[in-house]
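J.: Attaching a single structure in structure tokens format; questions to follow.
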Amino acid sequence: QKEVEQDPGPLSVPEGAIVSLNCTYSNSAFQYFMWYRQYSRKGPELLMYTYSSGNKEDGRFTAQVDKSSKYISLFIRDSQPSDSATYLCAMSASNYQLIWGAGTKLIIKP
Amino acid sequence: DARVTQTPRHKVTEMGQEVTMRCQPILGHNTVFWYRQTMMQGLELLAYFRNRAPLDDSGMPKDRFSAEMPDATLATLKIQPSEPRDSAVYFCASANRDSPHRTQYFGPGTRLTVL
């Protein structure tokens with residue numbers, strides 16, 4: 001079993017819908033949680049960062065961490081075709097090595 | 001606009017040839033990572049450096065891969081000899097060890113094809 005599980009999708013939703021992307025993990029030592037977005041033929045770019053539990057909001061994006069359930073989520077409101085990309089979750093304990101999910105391919109249909 | 005740069009962006013070579021990929025981390029970042037990405041395996045960590053010293057290269061096939069950081073502005077990843085199974089996108093990422101965050105900033109990648 002992988003330390004971080006993420007459904008590879010693809011997840012296809014209509015424009016304007018609320019998108020929910022999720023990762024589960026097994027290592028209770030993880031404290032730092034990140035979401036990266038990767039467009040086709042580009043490098044991953046940092047989207048959201050959270051430390052420990054709780055919510056963080058940035059524009060149309062909300063990241064949630066539930067450490068008791070070992071579950072993290074990324075919500076995208078008012079989804080746009082430009083949000084079509086692969087979304088990777090990543091997490092870390094006390095060192096700087098990130099453990100990555102497989103990535104979920106998201107398709108927003110106009 | 002601080003960003004990680006990588007060269008070359010694309011490389012096509014024949015099996016058995018040496019391949020060298022270069023990375024310039026963001027100025028002031030003291031931790032550098034090399035990743036390989038394929039459809040089958042996703043993102044795999046090959047090696048990482050802190051203050052130019054290798055900290056972990058357990059993800060790298062030792063017999064053919066080598067990674068170095070000759071100075072703070074240059075990291076290199078070499079494959080010798082290259083094999084078709086090495087075909088992938090290789091990413092370099094850098095991070096600031098002194099930041100409370102653990103975020104890594106990625107370069108655009110080198111797309112390697114070994115024929």
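Simple scheme: letters A, B, ... for chains in structure tokens order, numbers from 1 for residues in each chain, numbers from 1 for ligands in the order shown.
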Output as a VMD selection string the set of chain B residues within 6 Å of chain A, with distances taken over only C-alpha atoms.

T.: chain B and resid 42 102 106 to 108

J.: For Glu57 of chain A, work out the shell of residues within 12 Å, counting only C-alpha atoms and skipping chain neighbours fewer than 2 positions away, then give it as a PyMOL selection string.

T.: chain A and resi 47-50+54-55+59-65+73-77

J.: Quick one: residues within 10 Å of Arg97 of chain B, only C-alpha atoms, excluding same-chain residues fewer than 5 positions away - as a PyMOL selection string?

T.: (chain A and resi 95-96) or (chain B and resi 28-32+50-51+102-103)

J.: With distances taken over only C-alpha atoms, which of A:Ser84, A:Gln1, A:Lys109, A:Pro14 is nearest to Ser26 of chain A?

T.: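 Among A:Ser84, A:Gln1, A:Lys109, A:Pro14, it is A:Gln1 that comes nearest to Ser26 of chain A.
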
J.: So that I can check the secondary structure, give me every residue of chain A assigned strand (DSSP E or B) by backbone DSSP, as an NGL selection string.

T.: :A and (4-5 or 11-14 or 19-25 or 32-38 or 45-51 or 54-58 or 61-66 or 71-76 or 85-92 or 99-100 or 104-109)

J.: Tell me, as a list in words, which residues lie within 6 Å of Gln104 of chain B, counting only C-alpha atoms; anything in the same chain fewer than 2 positions away does not count.

T.: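 The neighbour list is Ala93, Ser94 and Ala95 of chain B.
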
J.: May I have the residues within 8 Å of Thr20 of chain B as a ChimeraX atom specification, using only C-alpha atoms and disregarding those fewer than 4 positions away in the same chain?

T.: /B:76-79

J.: Produce a file of the selected residues containing N, CA, C and O atoms, as a PDB file, in the first residue's frame.

T.:
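Written output follows (out_2.pdb):
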ATOM      1  N   THR B  76      23.626  18.889 -11.663  1.00  0.00           N
ATOM      2  CA  THR B  76      23.649  18.077 -12.879  1.00  0.00           C
ATOM      3  C   THR B  76      23.187  16.662 -12.581  1.00  0.00           C
ATOM      4  O   THR B  76      23.394  16.136 -11.478  1.00  0.00           O
ATOM      5  N   LEU B  77      22.543  16.076 -13.573  1.00  0.00           N
ATOM      6  CA  LEU B  77      22.139  14.678 -13.517  1.00  0.00           C
ATOM      7  C   LEU B  77      22.666  14.020 -14.790  1.00  0.00           C
ATOM      8  O   LEU B  77      22.374  14.487 -15.880  1.00  0.00           O
ATOM      9  N   LYS B  78      23.460  12.959 -14.618  1.00  0.00           N
ATOM     10  CA  LYS B  78      24.037  12.276 -15.766  1.00  0.00           C
ATOM     11  C   LYS B  78      23.550  10.844 -15.823  1.00  0.00           C
ATOM     12  O   LYS B  78      23.386  10.183 -14.784  1.00  0.00           O
ATOM     13  N   ILE B  79      23.347  10.385 -17.045  1.00  0.00           N
ATOM     14  CA  ILE B  79      23.014   8.982 -17.276  1.00  0.00           C
ATOM     15  C   ILE B  79      24.041   8.440 -18.260  1.00  0.00           C
ATOM     16  O   ILE B  79      24.231   8.980 -19.341  1.00  0.00           O
TER      17      ILE B  79
END

J.: Need to verify the contact set: Val4 of chain B, 6 Å, only C-alpha atoms, exclusion of same-chain residues closer than 2 positions in sequence. Can you return it as a PyMOL selection string?

T.: chain B and resi 24-26+107

J.: Could you give me, as a PDB file with N, CA and C atoms, in the first residue's frame, the residues within 12 Å of Ala53 of chain B, counting only C-alpha atoms and dropping anything in the same chain fewer than 2 positions from it?

T.:
ATOM      1  N   ASN B  30      18.671  26.440  -0.975  1.00  0.00           N
ATOM      2  CA  ASN B  30      19.822  25.594  -0.659  1.00  0.00           C
ATOM      3  C   ASN B  30      19.514  24.101  -0.707  1.00  0.00           C
ATOM      4  N   THR B  31      18.320  23.744  -1.179  1.00  0.00           N
ATOM      5  CA  THR B  31      17.960  22.332  -1.300  1.00  0.00           C
ATOM      6  C   THR B  31      17.482  22.084  -2.727  1.00  0.00           C
ATOM      7  N   VAL B  32      18.057  21.082  -3.368  1.00  0.00           N
ATOM      8  CA  VAL B  32      17.742  20.789  -4.772  1.00  0.00           C
ATOM      9  C   VAL B  32      17.352  19.319  -4.894  1.00  0.00           C
ATOM     10  N   PHE B  33      16.282  19.083  -5.661  1.00  0.00           N
ATOM     11  CA  PHE B  33      15.742  17.741  -5.859  1.00  0.00           C
ATOM     12  C   PHE B  33      15.758  17.388  -7.347  1.00  0.00           C
ATOM     13  N   ALA B  47      17.098  11.930  -6.286  1.00  0.00           N
ATOM     14  CA  ALA B  47      18.157  12.361  -5.378  1.00  0.00           C
ATOM     15  C   ALA B  47      17.855  13.767  -4.893  1.00  0.00           C
ATOM     16  N   TYR B  48      18.453  14.125  -3.724  1.00  0.00           N
ATOM     17  CA  TYR B  48      18.376  15.519  -3.358  1.00  0.00           C
ATOM     18  C   TYR B  48      19.608  15.956  -2.582  1.00  0.00           C
ATOM     19  N   PHE B  49      19.871  17.246  -2.669  1.00  0.00           N
ATOM     20  CA  PHE B  49      21.063  17.879  -2.120  1.00  0.00           C
ATOM     21  C   PHE B  49      20.646  18.998  -1.179  1.00  0.00           C
ATOM     22  N   ARG B  50      21.460  19.186  -0.157  1.00  0.00           N
ATOM     23  CA  ARG B  50      21.303  20.364   0.690  1.00  0.00           C
ATOM     24  C   ARG B  50      22.671  21.008   0.836  1.00  0.00           C
ATOM     25  N   ASN B  51      22.711  22.310   0.587  1.00  0.00           N
ATOM     26  CA  ASN B  51      23.993  23.032   0.621  1.00  0.00           C
ATOM     27  C   ASN B  51      25.057  22.281  -0.187  1.00  0.00           C
ATOM     28  N   LEU B  55      22.134  14.288   0.058  1.00  0.00           N
ATOM     29  CA  LEU B  55      21.506  13.777   1.271  1.00  0.00           C
ATOM     30  C   LEU B  55      20.868  12.414   1.053  1.00  0.00           C
ATOM     31  N   ASP B  56      20.340  12.217  -0.129  1.00  0.00           N
ATOM     32  CA  ASP B  56      19.648  10.962  -0.393  1.00  0.00           C
ATOM     33  C   ASP B  56      19.655  10.730  -1.889  1.00  0.00           C
ATOM     34  N   ASP B  57      20.218   9.631  -2.315  1.00  0.00           N
ATOM     35  CA  ASP B  57      20.152   9.265  -3.737  1.00  0.00           C
ATOM     36  C   ASP B  57      19.664   7.828  -3.875  1.00  0.00           C
ATOM     37  N   ALA B  67      24.464  12.172  -9.797  1.00  0.00           N
ATOM     38  CA  ALA B  67      24.005  13.548  -9.601  1.00  0.00           C
ATOM     39  C   ALA B  67      25.064  14.296  -8.811  1.00  0.00           C
ATOM     40  N   GLU B  68      25.290  15.533  -9.212  1.00  0.00           N
ATOM     41  CA  GLU B  68      26.283  16.369  -8.540  1.00  0.00           C
ATOM     42  C   GLU B  68      25.769  17.790  -8.455  1.00  0.00           C
ATOM     43  N   MET B  69      26.402  18.536  -7.553  1.00  0.00           N
ATOM     44  CA  MET B  69      26.103  19.953  -7.465  1.00  0.00           C
ATOM     45  C   MET B  69      27.434  20.685  -7.331  1.00  0.00           C
ATOM     46  N   PRO B  70      28.090  20.962  -8.453  1.00  0.00           N
ATOM     47  CA  PRO B  70      29.426  21.562  -8.412  1.00  0.00           C
ATOM     48  C   PRO B  70      29.466  22.952  -7.777  1.00  0.00           C
ATOM     49  N   ASP B  71      28.384  23.703  -7.858  1.00  0.00           N
ATOM     50  CA  ASP B  71      28.302  24.959  -7.115  1.00  0.00           C
ATOM     51  C   ASP B  71      26.838  25.263  -6.816  1.00  0.00           C
ATOM     52  N   ALA B  72      26.616  26.329  -6.085  1.00  0.00           N
ATOM     53  CA  ALA B  72      25.269  26.621  -5.584  1.00  0.00           C
ATOM     54  C   ALA B  72      24.289  26.970  -6.690  1.00  0.00           C
ATOM     55  N   ALA B  75      23.139  22.259 -10.684  1.00  0.00           N
ATOM     56  CA  ALA B  75      23.022  20.843 -10.345  1.00  0.00           C
ATOM     57  C   ALA B  75      22.995  20.067 -11.653  1.00  0.00           C
TER      58      ALA B  75
END
